[in-house]
Protein chains: 2
Amino acid sequence: MSKNEIKEAGLKVTLPRLQILEFLTANKGKHYTAEDLFTEMKLADQDLGLATIYRVLNQFETAGLVMKHQFEENQAVFEIDTGEHHDHMVDIDSGKVVEFYDENLEKLQEKIADEHGYDLIDHKMVLYVKKKK
Amino acid sequence: MSKNEIKEAGLKVTLPRLQILEFLTANKGKHYTAEDLFTEMKLADQDLGLATIYRVLNQFETAGLVMKHQFEENQAVFEIDTGEHHDHMVDIDSGKVVEFYDENLEKLQEKIADEHGYDLIDHKMVLYVKKKK
DNA sequence: CTAGGTGCAAATCCTTTGCAAGATG
DNA sequence: CATCTTGCAAAGGATTTGCACCTAG
């Protein structure tokens, strides 16, 4: 239950936090800007301040409940963190985001870092693609 | 010579454009924010407006003379585009940026896109690393 | 000359912050 | 009740834009 995750993050269980976490959980695999959430939640009669949304998302990110990505260079998007690592490809025509995971890719990245004398801590990767005809 | 590259980009050969392009060319492999350039060029007695720097960098990016990256989520950095594709790893302790190219990685990315029914158009990838002890 | 470029300051966009009022544990 | 949260509006930082003046072709 969301309640516990919030508590375990050391945060008080408030309505905004519950609503945001449940919304993202219910929409696993989808990516929302803060503004998207603001709008979507208003539609669901959950009227939160935009500032609150930003604050809560950042707290959730710190707590590892949520992941933040920068697919377009202006607005960040958020998605629930299920713990299963994955990368993204973005269809540049439709804007659609596809999640994927590739074992070899992960291994290769570690190998590359290693060859340069580094340990891989994290990575960011987005493939920009077009539908094949 | 920079003059021709600018001309071929369909832009007038002006002092600001020449200075920026030559500075970046002279510092191949280094990455600068617009503000960095503003400061560095002022030191070299090349006093350009910040707005001009932004404008010129964007024009150069469009023309393929320069590449823009987003290593940190707030400020974009620019480097000269030598035509040789490469990716980056960032040492999260020192902030140092290392460029690398890995054939297998490139192939693997295409393969992954392909398996999902897409053609790979572009990609963005940054490895965040720490020096090995 | 004329189209395009520059610099400045103001505007814009996304995100963060200060603060008074309102919940939570 | 003490502390943490919220919402609003104002502030902030990076980047863009309007406009009068300037410069390349």
# chains A, B, ... in the order shown; residues from 1 in each chain; ligands from 1
$ select_by_dssp --residues "chain B" --states "alpha helix (DSSP H)" --output "PyMOL selection string"
chain B and resi 2-8+15-26+34-43+50-62+103-115
$ interface_residues --of "chain B" --to "chain A" --cutoff "6 Å" --atoms "only C-alpha atoms" --output "JSON, numbers by chain"
{"B": [117, 118, 119, 120, 121, 122, 123, 124, 125, 126, 127, 128, 129, 130, 131, 132]}
$ calpha_fit_and_write --fixed "chain A" --moving "chain B" --output "tab-separated table (two decimals) with N, CA and C atoms, in the first residue's frame"
chain	number	residue	atom	x	y	z
B	1	MET	N	0.87	-1.24	-0.05
B	1	MET	CA	0.03	-0.03	-0.01
B	1	MET	C	0.92	1.23	0.00
B	2	SER	N	0.45	2.24	-0.67
B	2	SER	CA	1.23	3.48	-0.80
B	2	SER	C	1.59	4.07	0.56
B	3	LYS	N	0.64	3.93	1.49
B	3	LYS	CA	0.83	4.52	2.81
B	3	LYS	C	2.17	4.13	3.43
B	4	ASN	N	2.49	2.86	3.34
B	4	ASN	CA	3.73	2.39	3.95
B	4	ASN	C	4.97	2.90	3.24
B	5	GLU	N	4.90	2.95	1.91
B	5	GLU	CA	6.06	3.43	1.17
B	5	GLU	C	6.38	4.86	1.55
B	6	ILE	N	5.33	5.64	1.73
B	6	ILE	CA	5.53	7.03	2.10
B	6	ILE	C	6.13	7.12	3.50
B	7	LYS	N	5.58	6.33	4.38
B	7	LYS	CA	6.07	6.33	5.75
B	7	LYS	C	7.54	5.91	5.79
B	8	GLU	N	7.84	4.85	5.04
B	8	GLU	CA	9.22	4.36	5.02
B	8	GLU	C	10.20	5.37	4.43
B	9	ALA	N	9.67	6.28	3.66
B	9	ALA	CA	10.52	7.32	3.08
B	9	ALA	C	10.76	8.42	4.10
B	10	GLY	N	10.16	8.28	5.28
B	10	GLY	CA	10.35	9.28	6.32
B	10	GLY	C	9.47	10.50	6.11
B	11	LEU	N	8.39	10.32	5.38
B	11	LEU	CA	7.50	11.44	5.09
B	11	LEU	C	6.14	11.20	5.74
B	12	LYS	N	5.49	12.27	6.09
B	12	LYS	CA	4.15	12.15	6.65
B	12	LYS	C	3.19	11.71	5.55
B	13	VAL	N	2.24	10.91	5.94
B	13	VAL	CA	1.27	10.43	4.96
B	13	VAL	C	0.17	11.47	4.79
B	14	THR	N	0.28	12.23	3.73
B	14	THR	CA	-0.70	13.29	3.49
B	14	THR	C	-1.49	12.95	2.24
B	15	LEU	N	-2.59	13.63	2.06
B	15	LEU	CA	-3.44	13.36	0.92
B	15	LEU	C	-2.72	13.59	-0.41
B	16	PRO	N	-2.07	14.74	-0.58
B	16	PRO	CA	-1.37	14.96	-1.85
B	16	PRO	C	-0.40	13.83	-2.16
B	17	ARG	N	0.37	13.42	-1.18
B	17	ARG	CA	1.38	12.39	-1.43
B	17	ARG	C	0.71	11.07	-1.78
B	18	LEU	N	-0.34	10.73	-1.08
B	18	LEU	CA	-1.05	9.50	-1.39
B	18	LEU	C	-1.61	9.54	-2.81
B	19	GLN	N	-2.24	10.65	-3.14
B	19	GLN	CA	-2.87	10.75	-4.45
B	19	GLN	C	-1.86	10.66	-5.58
B	20	ILE	N	-0.75	11.36	-5.41
B	20	ILE	CA	0.27	11.32	-6.46
B	20	ILE	C	0.84	9.92	-6.61
B	21	LEU	N	1.19	9.31	-5.48
B	21	LEU	CA	1.79	7.98	-5.56
B	21	LEU	C	0.81	6.96	-6.15
B	22	GLU	N	-0.44	7.06	-5.77
B	22	GLU	CA	-1.40	6.09	-6.30
B	22	GLU	C	-1.67	6.34	-7.77
B	23	PHE	N	-1.69	7.59	-8.15
B	23	PHE	CA	-1.90	7.88	-9.57
B	23	PHE	C	-0.78	7.28	-10.40
B	24	LEU	N	0.46	7.51	-9.97
B	24	LEU	CA	1.60	7.01	-10.74
B	24	LEU	C	1.63	5.48	-10.72
B	25	THR	N	1.28	4.90	-9.59
B	25	THR	CA	1.27	3.45	-9.50
B	25	THR	C	0.22	2.87	-10.44
B	26	ALA	N	-0.91	3.53	-10.49
B	26	ALA	CA	-1.99	3.05	-11.36
B	26	ALA	C	-1.63	3.23	-12.83
B	27	ASN	N	-0.65	4.07	-13.09
B	27	ASN	CA	-0.26	4.33	-14.47
B	27	ASN	C	1.19	3.97	-14.73
B	28	LYS	N	1.58	2.85	-14.17
B	28	LYS	CA	2.92	2.33	-14.33
B	28	LYS	C	3.36	2.35	-15.79
B	29	GLY	N	4.56	2.78	-16.04
B	29	GLY	CA	5.08	2.75	-17.40
B	29	GLY	C	4.74	4.00	-18.20
B	30	LYS	N	3.90	4.86	-17.64
B	30	LYS	CA	3.61	6.12	-18.32
B	30	LYS	C	4.43	7.23	-17.69
B	31	HIS	N	4.64	8.28	-18.46
B	31	HIS	CA	5.52	9.36	-18.03
B	31	HIS	C	4.77	10.67	-18.00
B	32	TYR	N	4.88	11.37	-16.91
B	32	TYR	CA	4.13	12.61	-16.73
B	32	TYR	C	5.02	13.78	-16.34
B	33	THR	N	4.75	14.93	-16.92
B	33	THR	CA	5.38	16.15	-16.42
B	33	THR	C	4.62	16.57	-15.17
B	34	ALA	N	5.20	17.47	-14.40
B	34	ALA	CA	4.51	17.96	-13.21
B	34	ALA	C	3.18	18.58	-13.61
B	35	GLU	N	3.21	19.28	-14.69
B	35	GLU	CA	2.00	19.95	-15.20
B	35	GLU	C	0.94	18.93	-15.62
B	36	ASP	N	1.39	17.87	-16.28
B	36	ASP	CA	0.47	16.78	-16.63
B	36	ASP	C	-0.27	16.30	-15.41
B	37	LEU	N	0.50	16.05	-14.36
B	37	LEU	CA	-0.10	15.54	-13.14
B	37	LEU	C	-1.09	16.54	-12.58
B	38	PHE	N	-0.68	17.78	-12.58
B	38	PHE	CA	-1.53	18.86	-12.10
B	38	PHE	C	-2.89	18.79	-12.79
B	39	THR	N	-2.85	18.66	-14.10
B	39	THR	CA	-4.08	18.63	-14.90
B	39	THR	C	-4.87	17.35	-14.69
B	40	GLU	N	-4.17	16.23	-14.79
B	40	GLU	CA	-4.83	14.93	-14.66
B	40	GLU	C	-5.51	14.78	-13.30
B	41	MET	N	-4.83	15.27	-12.29
B	41	MET	CA	-5.37	15.06	-10.96
B	41	MET	C	-6.54	16.01	-10.71
B	42	LYS	N	-6.47	17.15	-11.33
B	42	LYS	CA	-7.59	18.07	-11.21
B	42	LYS	C	-8.83	17.42	-11.82
B	43	LEU	N	-8.66	16.77	-12.94
B	43	LEU	CA	-9.77	16.07	-13.60
B	43	LEU	C	-10.38	15.03	-12.67
B	44	ALA	N	-9.51	14.44	-11.84
B	44	ALA	CA	-9.99	13.42	-10.92
B	44	ALA	C	-10.42	14.06	-9.60
B	45	ASP	N	-10.68	15.36	-9.66
B	45	ASP	CA	-11.12	16.09	-8.46
B	45	ASP	C	-10.13	16.01	-7.32
B	46	GLN	N	-8.86	15.93	-7.70
B	46	GLN	CA	-7.81	15.93	-6.68
B	46	GLN	C	-6.99	17.18	-6.94
B	47	ASP	N	-7.37	18.23	-6.29
B	47	ASP	CA	-6.86	19.55	-6.62
B	47	ASP	C	-5.62	19.91	-5.82
B	48	LEU	N	-4.46	19.66	-6.42
B	48	LEU	CA	-3.21	19.95	-5.72
B	48	LEU	C	-2.54	21.17	-6.31
B	49	GLY	N	-1.77	21.87	-5.49
B	49	GLY	CA	-0.98	22.97	-6.01
B	49	GLY	C	0.18	22.44	-6.83
B	50	LEU	N	0.55	23.19	-7.86
B	50	LEU	CA	1.65	22.75	-8.71
B	50	LEU	C	2.94	22.67	-7.89
B	51	ALA	N	3.13	23.60	-7.02
B	51	ALA	CA	4.34	23.62	-6.19
B	51	ALA	C	4.41	22.35	-5.34
B	52	THR	N	3.29	21.94	-4.83
B	52	THR	CA	3.24	20.72	-4.04
B	52	THR	C	3.63	19.51	-4.88
B	53	ILE	N	3.12	19.49	-6.09
B	53	ILE	CA	3.44	18.37	-6.98
B	53	ILE	C	4.95	18.30	-7.22
B	54	TYR	N	5.55	19.43	-7.51
B	54	TYR	CA	6.99	19.46	-7.70
B	54	TYR	C	7.71	18.99	-6.44
B	55	ARG	N	7.27	19.51	-5.31
B	55	ARG	CA	7.94	19.14	-4.06
B	55	ARG	C	7.83	17.65	-3.79
B	56	VAL	N	6.64	17.15	-3.93
B	56	VAL	CA	6.41	15.74	-3.63
B	56	VAL	C	7.18	14.84	-4.60
B	57	LEU	N	7.18	15.20	-5.87
B	57	LEU	CA	7.90	14.39	-6.85
B	57	LEU	C	9.38	14.34	-6.51
B	58	ASN	N	9.92	15.46	-6.13
B	58	ASN	CA	11.34	15.48	-5.78
B	58	ASN	C	11.62	14.65	-4.53
B	59	GLN	N	10.73	14.74	-3.57
B	59	GLN	CA	10.92	13.92	-2.37
B	59	GLN	C	10.83	12.44	-2.73
B	60	PHE	N	9.90	12.12	-3.58
B	60	PHE	CA	9.73	10.72	-4.01
B	60	PHE	C	10.94	10.25	-4.80
B	61	GLU	N	11.50	11.15	-5.59
B	61	GLU	CA	12.68	10.75	-6.36
B	61	GLU	C	13.82	10.44	-5.40
B	62	THR	N	14.03	11.31	-4.45
B	62	THR	CA	15.07	11.10	-3.46
B	62	THR	C	14.87	9.79	-2.72
B	63	ALA	N	13.61	9.49	-2.45
B	63	ALA	CA	13.28	8.28	-1.71
B	63	ALA	C	13.32	7.04	-2.59
B	64	GLY	N	13.53	7.25	-3.90
B	64	GLY	CA	13.58	6.11	-4.82
B	64	GLY	C	12.21	5.54	-5.16
B	65	LEU	N	11.17	6.31	-4.92
B	65	LEU	CA	9.82	5.83	-5.27
B	65	LEU	C	9.47	6.16	-6.70
B	66	VAL	N	10.16	7.15	-7.22
B	66	VAL	CA	9.82	7.71	-8.52
B	66	VAL	C	11.10	7.98	-9.29
B	67	MET	N	11.03	7.88	-10.61
B	67	MET	CA	12.17	8.22	-11.44
B	67	MET	C	11.86	9.45	-12.29
B	68	LYS	N	12.90	10.22	-12.52
B	68	LYS	CA	12.77	11.47	-13.26
B	68	LYS	C	13.58	11.32	-14.53
B	69	HIS	N	13.01	11.68	-15.67
B	69	HIS	CA	13.75	11.62	-16.93
B	69	HIS	C	13.64	12.94	-17.66
B	70	GLN	N	14.56	13.13	-18.58
B	70	GLN	CA	14.61	14.35	-19.37
B	70	GLN	C	14.62	13.96	-20.84
B	71	PHE	N	13.46	13.58	-21.37
B	71	PHE	CA	13.41	13.16	-22.77
B	71	PHE	C	13.49	14.36	-23.70
B	72	GLU	N	12.76	15.37	-23.38
B	72	GLU	CA	12.85	16.63	-24.11
B	72	GLU	C	13.67	17.55	-23.23
B	73	GLU	N	14.33	18.50	-23.84
B	73	GLU	CA	15.29	19.23	-23.03
B	73	GLU	C	14.68	20.30	-22.12
B	74	ASN	N	13.39	20.51	-22.22
B	74	ASN	CA	12.80	21.53	-21.37
B	74	ASN	C	12.08	20.99	-20.12
B	75	GLN	N	11.19	20.00	-20.33
B	75	GLN	CA	10.41	19.53	-19.19
B	75	GLN	C	10.77	18.12	-18.75
B	76	ALA	N	10.92	17.95	-17.45
B	76	ALA	CA	11.21	16.63	-16.91
B	76	ALA	C	9.92	15.83	-16.82
B	77	VAL	N	10.05	14.51	-16.96
B	77	VAL	CA	8.89	13.64	-16.76
B	77	VAL	C	9.19	12.65	-15.65
B	78	PHE	N	8.13	12.17	-15.04
B	78	PHE	CA	8.25	11.27	-13.89
B	78	PHE	C	7.46	9.99	-14.14
B	79	GLU	N	7.97	8.91	-13.57
B	79	GLU	CA	7.23	7.65	-13.62
B	79	GLU	C	7.50	6.92	-12.31
B	80	ILE	N	6.63	6.01	-11.98
B	80	ILE	CA	6.82	5.23	-10.76
B	80	ILE	C	8.06	4.37	-10.89
B	81	ASP	N	8.81	4.20	-9.83
B	81	ASP	CA	9.99	3.34	-9.86
B	81	ASP	C	9.62	1.97	-9.31
B	82	THR	N	9.52	1.03	-10.22
B	82	THR	CA	9.11	-0.32	-9.81
B	82	THR	C	10.28	-1.14	-9.34
B	83	GLY	N	11.49	-0.58	-9.44
B	83	GLY	CA	12.65	-1.34	-9.04
B	83	GLY	C	13.26	-2.12	-10.20
B	84	GLU	N	12.45	-2.33	-11.24
B	84	GLU	CA	13.00	-3.05	-12.39
B	84	GLU	C	13.64	-2.04	-13.33
B	85	HIS	N	14.94	-2.10	-13.44
B	85	HIS	CA	15.63	-1.13	-14.29
B	85	HIS	C	15.24	-1.29	-15.75
B	86	HIS	N	15.10	-0.17	-16.42
B	86	HIS	CA	14.85	-0.22	-17.86
B	86	HIS	C	15.30	1.07	-18.51
B	87	ASP	N	15.48	1.03	-19.81
B	87	ASP	CA	15.82	2.22	-20.56
B	87	ASP	C	14.64	2.58	-21.46
B	88	HIS	N	14.81	3.65	-22.22
B	88	HIS	CA	13.69	4.14	-23.02
B	88	HIS	C	14.06	4.40	-24.46
B	89	MET	N	13.10	4.15	-25.34
B	89	MET	CA	13.25	4.68	-26.69
B	89	MET	C	12.05	5.55	-26.99
B	90	VAL	N	12.32	6.66	-27.64
B	90	VAL	CA	11.26	7.62	-27.93
B	90	VAL	C	11.04	7.68	-29.44
B	91	ASP	N	9.82	7.45	-29.85
B	91	ASP	CA	9.46	7.58	-31.27
B	91	ASP	C	9.36	9.07	-31.57
B	92	ILE	N	10.30	9.56	-32.37
B	92	ILE	CA	10.36	11.01	-32.58
B	92	ILE	C	9.20	11.54	-33.41
B	93	ASP	N	8.45	10.64	-34.06
B	93	ASP	CA	7.28	11.12	-34.80
B	93	ASP	C	6.07	11.25	-33.89
B	94	SER	N	5.83	10.20	-33.11
B	94	SER	CA	4.61	10.20	-32.29
B	94	SER	C	4.85	10.66	-30.85
B	95	GLY	N	6.11	10.69	-30.44
B	95	GLY	CA	6.39	11.05	-29.05
B	95	GLY	C	6.21	9.87	-28.10
B	96	LYS	N	5.80	8.75	-28.65
B	96	LYS	CA	5.56	7.57	-27.82
B	96	LYS	C	6.86	7.07	-27.16
B	97	VAL	N	6.75	6.67	-25.92
B	97	VAL	CA	7.91	6.18	-25.20
B	97	VAL	C	7.79	4.67	-24.98
B	98	VAL	N	8.80	3.93	-25.39
B	98	VAL	CA	8.80	2.48	-25.20
B	98	VAL	C	9.89	2.14	-24.19
B	99	GLU	N	9.55	1.33	-23.22
B	99	GLU	CA	10.56	0.92	-22.25
B	99	GLU	C	11.16	-0.40	-22.67
B	100	PHE	N	12.44	-0.56	-22.41
B	100	PHE	CA	13.06	-1.84	-22.73
B	100	PHE	C	14.18	-2.12	-21.75
B	101	TYR	N	14.56	-3.38	-21.72
B	101	TYR	CA	15.69	-3.77	-20.88
B	101	TYR	C	16.53	-4.73	-21.68
B	102	ASP	N	17.81	-4.53	-21.71
B	102	ASP	CA	18.68	-5.42	-22.47
B	102	ASP	C	19.91	-5.73	-21.64
B	103	GLU	N	20.00	-6.98	-21.26
B	103	GLU	CA	21.08	-7.46	-20.41
B	103	GLU	C	22.45	-7.15	-21.01
B	104	ASN	N	22.59	-7.41	-22.30
B	104	ASN	CA	23.89	-7.20	-22.94
B	104	ASN	C	24.30	-5.74	-22.90
B	105	LEU	N	23.32	-4.90	-23.08
B	105	LEU	CA	23.60	-3.47	-23.06
B	105	LEU	C	24.12	-3.05	-21.68
B	106	GLU	N	23.49	-3.55	-20.66
B	106	GLU	CA	23.92	-3.23	-19.29
B	106	GLU	C	25.35	-3.70	-19.05
B	107	LYS	N	25.61	-4.93	-19.46
B	107	LYS	CA	26.96	-5.51	-19.29
B	107	LYS	C	28.00	-4.70	-20.05
B	108	LEU	N	27.63	-4.36	-21.28
B	108	LEU	CA	28.56	-3.65	-22.13
B	108	LEU	C	28.93	-2.30	-21.53
B	109	GLN	N	27.96	-1.64	-20.94
B	109	GLN	CA	28.24	-0.34	-20.34
B	109	GLN	C	29.21	-0.46	-19.18
B	110	GLU	N	29.01	-1.51	-18.39
B	110	GLU	CA	29.95	-1.73	-17.28
B	110	GLU	C	31.35	-1.99	-17.79
B	111	LYS	N	31.39	-2.78	-18.85
B	111	LYS	CA	32.69	-3.13	-19.43
B	111	LYS	C	33.40	-1.87	-19.92
B	112	ILE	N	32.66	-1.01	-20.59
B	112	ILE	CA	33.24	0.22	-21.12
B	112	ILE	C	33.78	1.10	-20.00
B	113	ALA	N	32.97	1.27	-18.97
B	113	ALA	CA	33.42	2.08	-17.82
B	113	ALA	C	34.70	1.46	-17.26
B	114	ASP	N	34.64	0.16	-17.09
B	114	ASP	CA	35.77	-0.57	-16.53
B	114	ASP	C	37.05	-0.36	-17.33
B	115	GLU	N	36.93	-0.44	-18.65
B	115	GLU	CA	38.10	-0.27	-19.51
B	115	GLU	C	38.73	1.11	-19.37
B	116	HIS	N	37.93	2.04	-18.89
B	116	HIS	CA	38.47	3.40	-18.72
B	116	HIS	C	38.89	3.66	-17.28
B	117	GLY	N	38.82	2.61	-16.46
B	117	GLY	CA	39.27	2.75	-15.09
B	117	GLY	C	38.19	3.26	-14.14
B	118	TYR	N	36.94	3.09	-14.53
B	118	TYR	CA	35.85	3.58	-13.69
B	118	TYR	C	34.87	2.47	-13.30
B	119	ASP	N	34.17	2.74	-12.22
B	119	ASP	CA	33.02	1.90	-11.88
B	119	ASP	C	31.77	2.61	-12.38
B	120	LEU	N	30.88	1.85	-12.97
B	120	LEU	CA	29.64	2.42	-13.47
B	120	LEU	C	28.66	2.59	-12.30
B	121	ILE	N	28.22	3.79	-12.08
B	121	ILE	CA	27.29	4.06	-10.99
B	121	ILE	C	25.86	4.14	-11.52
B	122	ASP	N	25.73	4.79	-12.62
B	122	ASP	CA	24.40	5.02	-13.17
B	122	ASP	C	24.57	5.32	-14.65
B	123	HIS	N	23.49	5.29	-15.37
B	123	HIS	CA	23.57	5.73	-16.74
B	123	HIS	C	22.24	6.29	-17.19
B	124	LYS	N	22.34	7.04	-18.25
B	124	LYS	CA	21.16	7.65	-18.82
B	124	LYS	C	21.23	7.28	-20.27
B	125	MET	N	20.18	6.69	-20.80
B	125	MET	CA	20.23	6.44	-22.23
B	125	MET	C	18.86	6.44	-22.85
B	126	VAL	N	18.75	7.16	-23.92
B	126	VAL	CA	17.50	7.25	-24.65
B	126	VAL	C	17.81	7.04	-26.12
B	127	LEU	N	17.07	6.13	-26.74
B	127	LEU	CA	17.21	5.94	-28.17
B	127	LEU	C	16.10	6.73	-28.85
B	128	TYR	N	16.46	7.51	-29.83
B	128	TYR	CA	15.46	8.26	-30.59
B	128	TYR	C	15.23	7.51	-31.89
B	129	VAL	N	14.01	7.08	-32.10
B	129	VAL	CA	13.73	6.15	-33.21
B	129	VAL	C	12.54	6.57	-34.05
B	130	LYS	N	12.43	5.91	-35.19
B	130	LYS	CA	11.28	6.09	-36.09
B	130	LYS	C	10.75	4.72	-36.44
B	131	LYS	N	9.45	4.60	-36.58
B	131	LYS	CA	8.84	3.34	-37.00
B	131	LYS	C	9.42	2.91	-38.33
B	132	LYS	N	9.73	1.63	-38.39
B	132	LYS	CA	10.26	1.06	-39.62
B	132	LYS	C	9.13	0.92	-40.64
B	133	LYS	N	9.44	1.18	-41.90
B	133	LYS	CA	8.37	1.01	-42.92
B	133	LYS	C	8.59	-0.32	-43.65
$ residues_around --residues "C:DT12" --least-positions-apart "5" --cutoff "10 Å" --atoms "only C-alpha atoms (C1' of nucleotides)" --output "list in words"
DT15, DT16 and DT17 of chain D
$ atom_distance --atom1 "atom C1' of D:DG18" --atom2 "atom C1' of C:DT16"
28.0 Å
$ atom_distance --atom1 "atom C1' of C:DG7" --atom2 "atom C1' of D:DA11"
25.7 Å
$ atom_distance --atom1 "atom C1' of D:DC1" --atom2 "atom C1' of C:DA23"
12.2 Å
$ interface_residues --of "chain C" --to "chain B" --cutoff "10 Å" --atoms "only C-alpha atoms (C1' of nucleotides)" --output "tab-separated table (two decimals) with all heavy atoms, in the first residue's frame"
chain	number	residue	atom	x	y	z
C	4	DG	P	17.63	37.81	-45.24
C	4	DG	OP1	17.61	36.47	-45.88
C	4	DG	OP2	16.43	38.37	-44.61
C	4	DG	O5'	18.80	37.80	-44.15
C	4	DG	C5'	20.16	37.82	-44.58
C	4	DG	C4'	21.02	38.24	-43.43
C	4	DG	O4'	20.84	39.65	-43.16
C	4	DG	C3'	20.68	37.51	-42.13
C	4	DG	O3'	21.91	37.08	-41.60
C	4	DG	C2'	20.03	38.59	-41.26
C	4	DG	C1'	20.74	39.84	-41.77
C	4	DG	N9	20.05	41.10	-41.54
C	4	DG	C8	18.75	41.42	-41.85
C	4	DG	N7	18.45	42.66	-41.53
C	4	DG	C5	19.62	43.17	-40.97
C	4	DG	C6	19.91	44.46	-40.45
C	4	DG	O6	19.16	45.43	-40.36
C	4	DG	N1	21.22	44.55	-40.00
C	4	DG	C2	22.15	43.53	-40.04
C	4	DG	N2	23.36	43.78	-39.57
C	4	DG	N3	21.89	42.32	-40.54
C	4	DG	C4	20.61	42.21	-40.98
C	5	DG	P	22.02	36.41	-40.21
C	5	DG	OP1	23.03	35.35	-40.28
C	5	DG	OP2	20.67	36.15	-39.72
C	5	DG	O5'	22.65	37.62	-39.40
C	5	DG	C5'	23.99	38.00	-39.69
C	5	DG	C4'	24.54	38.84	-38.55
C	5	DG	O4'	23.78	40.06	-38.46
C	5	DG	C3'	24.45	38.17	-37.18
C	5	DG	O3'	25.68	38.42	-36.53
C	5	DG	C2'	23.28	38.83	-36.50
C	5	DG	C1'	23.28	40.22	-37.14
C	5	DG	N9	21.97	40.85	-37.27
C	5	DG	C8	20.85	40.33	-37.84
C	5	DG	N7	19.83	41.16	-37.82
C	5	DG	C5	20.33	42.31	-37.22
C	5	DG	C6	19.70	43.55	-36.94
C	5	DG	O6	18.55	43.89	-37.17
C	5	DG	N1	20.58	44.44	-36.31
C	5	DG	C2	21.89	44.16	-36.01
C	5	DG	N2	22.58	45.12	-35.40
C	5	DG	N3	22.50	43.01	-36.27
C	5	DG	C4	21.66	42.13	-36.88
C	6	DT	P	25.93	37.96	-35.09
C	6	DT	OP1	27.36	37.62	-34.98
C	6	DT	OP2	24.88	36.99	-34.72
C	6	DT	O5'	25.67	39.30	-34.28
C	6	DT	C5'	26.69	40.30	-34.25
C	6	DT	C4'	26.26	41.42	-33.35
C	6	DT	O4'	24.96	41.86	-33.77
C	6	DT	C3'	26.14	41.01	-31.88
C	6	DT	O3'	27.12	41.69	-31.13
C	6	DT	C2'	24.72	41.43	-31.48
C	6	DT	C1'	24.24	42.28	-32.63
C	6	DT	N1	22.80	42.10	-32.99
C	6	DT	C2	21.96	43.17	-32.83
C	6	DT	O2	22.31	44.25	-32.39
C	6	DT	N3	20.66	42.92	-33.20
C	6	DT	C4	20.14	41.75	-33.70
C	6	DT	O4	18.95	41.65	-34.01
C	6	DT	C5	21.08	40.67	-33.84
C	6	DT	C7	20.62	39.35	-34.38
C	6	DT	C6	22.35	40.89	-33.48
C	7	DG	P	27.45	41.27	-29.66
C	7	DG	OP1	28.89	41.53	-29.43
C	7	DG	OP2	26.88	39.93	-29.42
C	7	DG	O5'	26.58	42.31	-28.83
C	7	DG	C5'	26.73	43.70	-29.03
C	7	DG	C4'	25.73	44.44	-28.16
C	7	DG	O4'	24.42	44.30	-28.75
C	7	DG	C3'	25.63	43.91	-26.73
C	7	DG	O3'	25.64	45.02	-25.86
C	7	DG	C2'	24.30	43.15	-26.70
C	7	DG	C1'	23.49	43.85	-27.77
C	7	DG	N9	22.54	43.00	-28.50
C	7	DG	C8	22.73	41.69	-28.88
C	7	DG	N7	21.71	41.19	-29.54
C	7	DG	C5	20.80	42.25	-29.61
C	7	DG	C6	19.51	42.31	-30.21
C	7	DG	O6	18.91	41.43	-30.83
C	7	DG	N1	18.92	43.56	-30.04
C	7	DG	C2	19.50	44.61	-29.39
C	7	DG	N2	18.78	45.72	-29.33
C	7	DG	N3	20.70	44.57	-28.82
C	7	DG	C4	21.30	43.36	-28.97
C	8	DC	P	25.95	44.86	-24.32
C	8	DC	OP1	26.97	45.90	-24.03
C	8	DC	OP2	26.19	43.45	-24.00
C	8	DC	O5'	24.58	45.29	-23.62
C	8	DC	C5'	23.98	46.55	-23.93
C	8	DC	C4'	22.47	46.44	-23.80
C	8	DC	O4'	21.96	45.54	-24.79
C	8	DC	C3'	22.01	45.84	-22.46
C	8	DC	O3'	21.60	46.90	-21.60
C	8	DC	C2'	20.84	44.93	-22.83
C	8	DC	C1'	20.69	45.12	-24.33
C	8	DC	N1	20.35	43.88	-25.06
C	8	DC	C2	19.20	43.84	-25.83
C	8	DC	O2	18.47	44.84	-25.88
C	8	DC	N3	18.88	42.71	-26.51
C	8	DC	C4	19.68	41.65	-26.43
C	8	DC	N4	19.34	40.57	-27.13
C	8	DC	C5	20.87	41.66	-25.65
C	8	DC	C6	21.18	42.78	-24.98
$ residues_around --residues "C:DA3" --least-positions-apart "2" --cutoff "10 Å" --atoms "only C-alpha atoms (C1' of nucleotides)" --output "PyMOL selection string"
(chain C and resi 1+5) or (chain D and resi 24-25)
$ select_by_dssp --residues "chain B" --states "strand (DSSP E or B)" --output "PyMOL selection string"
chain B and resi 32+66-69+77-80+87-91+97-100+118-131
$ write_last_selection --atoms "C-alpha atoms" --output "CSV table (one decimal), in the first residue's frame"
chain,number,residue,atom,x,y,z
B,32,TYR,CA,31.2,24.7,-22.4
B,66,VAL,CA,28.3,22.1,-32.9
B,67,MET,CA,26.8,19.5,-30.5
B,68,LYS,CA,24.7,20.3,-27.5
B,69,HIS,CA,24.6,18.0,-24.5
B,77,VAL,CA,27.0,22.3,-22.8
B,78,PHE,CA,28.4,22.7,-26.3
B,79,GLU,CA,31.3,21.2,-28.1
B,80,ILE,CA,32.6,21.3,-31.6
B,87,ASP,CA,29.5,9.2,-26.3
B,88,HIS,CA,30.4,10.5,-22.9
B,89,MET,CA,31.1,9.3,-19.4
B,90,VAL,CA,31.1,11.8,-16.6
B,91,ASP,CA,33.1,11.3,-13.4
B,97,VAL,CA,34.0,14.3,-19.0
B,98,VAL,CA,35.6,11.5,-21.0
B,99,GLU,CA,34.6,10.8,-24.6
B,100,PHE,CA,34.5,7.3,-25.9
B,118,TYR,CA,12.1,0.8,-35.1
B,119,ASP,CA,14.9,2.4,-37.0
B,120,LEU,CA,17.5,4.1,-34.7
B,121,ILE,CA,17.8,7.8,-35.6
B,122,ASP,CA,19.8,9.1,-32.8
B,123,HIS,CA,20.7,8.3,-29.2
B,124,LYS,CA,21.7,10.0,-26.1
B,125,MET,CA,23.8,8.2,-23.6
B,126,VAL,CA,25.9,9.3,-20.7
B,127,LEU,CA,27.6,6.9,-18.2
B,128,TYR,CA,28.0,8.3,-14.7
B,129,VAL,CA,31.1,6.8,-13.2
B,130,LYS,CA,33.6,6.9,-10.3
B,131,LYS,CA,37.3,6.3,-10.5
